[in-house]
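Engineer: Submitted below is the structure of interest, expressed as structure tokens.
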Amino acid sequence: MTYSLTPDGPPLETRLPAAIAPESDPARAHPHPLPRLLLTGAGGGLGRVLRERLTPFARVLRVSDVAPLGAPRGPHEEVVPCDLADRRAVDALVAGCDAIVHLGGVSVERPFEEVLEANIRGVFHVYEAARRHGVKRVVFASSNHVTGFYRQDERIDAHAARRPDGYYGLSKSFGEDLAQFYFDRYGVETVSIRIGSSFPEPANRRMMSTWLSYDDLVQLVDKALFTPGVGHTVVYGMSANRTVWWDNHAAAHLGFAPKDSSEVFRAQVESQPPVPADDPNAIYQGGGFTAQGPFGD
Ligand code: NAI
Ligand code: 15L
């Protein structure tokens with residue numbers, strides 16, 4: 001895996017259209033709002049959170065999903081329904097955008113053909129469109145399942161060899177490779193966030209280590225969008241939990257400083273029945289994903 005923190009060409013801010021003065025509404029103020037930001041997967045769990053929280057990050061937020069979005073168009077929004085598997089539709093979706101937060105796709109382990117269409121073809125279409133339309137920055141929602149077959153007693157960083165725990169994890173690994181290629185070949189910068197478990201609360205013992213609060217997610221997306229010269233950076237998306245499996249030193253230049261911790265939920269989580277020692281949820285970082293499939297036998 002290769003990284004570059006010093007990409008060719010001028011710093012990001014000079015390659016993006018000129019910064020727009022923050023809007024008069026303080027709730028929309030951001031020091032460097034983008035002219036137009038695309039959010040894919042805007043109808044999903046994290047998409048609904050970020051749709052609201054990324055509003056100050058851009059003058060226009062273009063929101064997209066193949067499924068219903070769940071809320072009507074906001075005053076600073078463009079709504080563009082799109083199937084990521086449709087190359088021409090994705091090309092039109094990306095046209096005119098300055099940066100992309102790419103959340104869309106299958107978000108759990110599924111048969112290969114489903115993952116192929118939404119995630120593998122889908123992420124390729126996003127990067128091809130980014131190249132064609134001069135988009136300089138992508139935030140890619142990767143996953144801890146890229147390294148899900150490491151054991152919970154191992155501590156790894158972004159340079160550790162990948163050990164995907166299924167077709168879903170493989171698709172995120174492909175997305176990271178694509179991100180590196182589109183940076184090396186075309187200068188499209190990406191922060192790939194290997195999100196742990198981003199939900200309102202950690203739901204089980206494993207998530208005591210993998211949990212990423214929504215506030216910390218928003219901070220990380222902010223850093224991923226606006227830190228200059230990221231090349232292709234891989235960062236694990238986790239809060240400041242007490243017991244962690246991932247070391248983010250390779251992404252220190254992002255300045256991500258999580259504020260929350262799963263610790264406040266410990267008593268609640270530990271009131272659940274214990275997980276047997278031979279259960280994948282107690283062995284592997286990827287938990288139960290490591291035991292999904294095979295499909296279709
Ligand atoms: P989600 O499943 O709630 O949302 C994904 C969205 O993508 C859905 O609204 C779905 O309709 C859309 N989508 C699926 N196939 C599509 C297609 N062919 N074309 C267009 N849109 C399509 O997932 P969630 O939790 O919101 O996750 C968002 C992203 O973050 C996903 O890429 C997921 O893999 C990643 N992630 C999330 C984690 C979490 O803890 N929530 C952990 C690790 C990664
Ligand atoms: C993921 O990649 C999934 O998208 C999410 O639904 C959770 O299962 C998360 O990983 C996790 O590992 O907890």
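Ordered as shown in the structure tokens, chains take letters A, B, and onward, while each chain numbers its residues from 1 and ligands are numbered from 1 in the order shown.
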Write out as a VMD selection string each polymer residue (protein, DNA or RNA) that has an atom no more than 6 Å from ligand 2, with only C-alpha atoms and all ligand atoms counted.
Structural biologist: chain A and resid 107 to 108 143 145 196 to 197 286
Engineer: Give the residue list for ligand 1 at 7 Å, counting only C-alpha atoms and all ligand atoms, as a PyMOL selection string, sorted by chain and then by residue number.
Structural biologist: chain A and resi 40-47+65-67+82-85+103-108+117-118+122+141-144+194-199
Engineer: From the DSSP assignment of the backbone, select every residue of segment 188-227 of chain A that is alpha helix (DSSP H), and format the answer as a list of chain:residue names.
Structural biologist: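 After running DSSP on the backbone, segment 188-227 of chain A has alpha helix (DSSP H) at A:Met207, A:Met208, A:Ser209, A:Thr210, A:Tyr214, A:Asp215, A:Asp216, A:Leu217, A:Val218, A:Gln219, A:Leu220, A:Val221, A:Asp222, A:Lys223, A:Ala224, A:Leu225, A:Phe226.
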Engineer: Write the residues of the selection above to a file with C-alpha atoms, as an mmCIF file, in the first residue's frame.
Structural biologist:
```cif
data_model
loop_
_atom_site.group_PDB
_atom_site.id
_atom_site.type_symbol
_atom_site.label_atom_id
_atom_site.label_comp_id
_atom_site.auth_asym_id
_atom_site.auth_seq_id
_atom_site.Cartn_x
_atom_site.Cartn_y
_atom_site.Cartn_z
ATOM 1 C CA MET A 207 -18.524 -2.190 19.214
ATOM 2 C CA MET A 208 -16.966 -0.990 22.471
ATOM 3 C CA SER A 209 -13.763 -1.018 20.379
ATOM 4 C CA THR A 210 -15.155 -0.112 16.946
ATOM 5 C CA TYR A 214 -21.872 10.703 14.814
ATOM 6 C CA ASP A 215 -20.128 13.844 16.107
ATOM 7 C CA ASP A 216 -16.721 12.219 15.601
ATOM 8 C CA LEU A 217 -17.796 11.015 12.152
ATOM 9 C CA VAL A 218 -18.717 14.576 11.185
ATOM 10 C CA GLN A 219 -15.372 15.855 12.453
ATOM 11 C CA LEU A 220 -13.549 13.182 10.461
ATOM 12 C CA VAL A 221 -15.453 13.977 7.263
ATOM 13 C CA ASP A 222 -14.643 17.659 7.812
ATOM 14 C CA LYS A 223 -10.918 16.841 8.101
ATOM 15 C CA ALA A 224 -11.143 14.486 5.126
ATOM 16 C CA LEU A 225 -12.714 17.129 2.914
ATOM 17 C CA PHE A 226 -10.646 20.152 3.867
#
```
Engineer: Which one is closest to Leu34 of chain A: A:Ala251, A:Val90, A:Ile100, A:Ala130? Count only C-alpha atoms.
Structural biologist: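 Checking each candidate against Leu34 of chain A, we get A:Ile100 as the closest.
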Engineer: Interatomic distance between atom CA of Leu39 of chain A and atom CA of Lys136 of chain A?
Structural biologist: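 Computing the Euclidean distance for atom CA of Leu39 of chain A and atom CA of Lys136 of chain A yields 14.8 Å.
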Engineer: Go through A:Val101, A:Leu254, A:Ile120, A:Ala92 and flag the residue nearest Pro228 of chain A, using only C-alpha atoms for the distances.
Structural biologist: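 Nearest candidate to Pro228 of chain A out of A:Val101, A:Leu254, A:Ile120, A:Ala92: A:Leu254.
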Engineer: Please determine, counting only C-alpha atoms, which residue among A:Tyr284, A:Tyr182, A:Trp246, A:Phe265 has the shortest atom-to-atom distance to His125 of chain A.
Structural biologist: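 Nearest candidate to His125 of chain A out of A:Tyr284, A:Tyr182, A:Trp246, A:Phe265: A:Tyr182.
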Engineer: If we count only C-alpha atoms and set the cut-off at 8 Å, which residues sit around segment 111-113 of chain A, ignoring sequence neighbours fewer than 6 positions away in its own chain? Please answer as a list in words.
Structural biologist: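 What passes the distance filter is Tyr167, Gly293, Phe295 and Gly296 of chain A.
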Engineer: So, counting only C-alpha atoms, which residue among A:Thr243, A:Thr227, A:Ser261, A:Gln272 is closest to Ser213 of chain A?
Structural biologist: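 Result for the nearest residue to Ser213 of chain A: A:Ser261.
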Engineer: Between A:Glu109, A:Glu201, A:Asp86, A:Asp165, which residue has the minimum interatomic distance to Gln268 of chain A, considering only C-alpha atoms?
Structural biologist: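 That would be A:Glu201, the residue with the smallest distance to Gln268 of chain A.
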Engineer: Nearest residue to Glu189 of chain A out of A:Arg131, A:Arg206, A:Arg36, A:Arg137, using only C-alpha atoms?
Structural biologist: A:Arg137
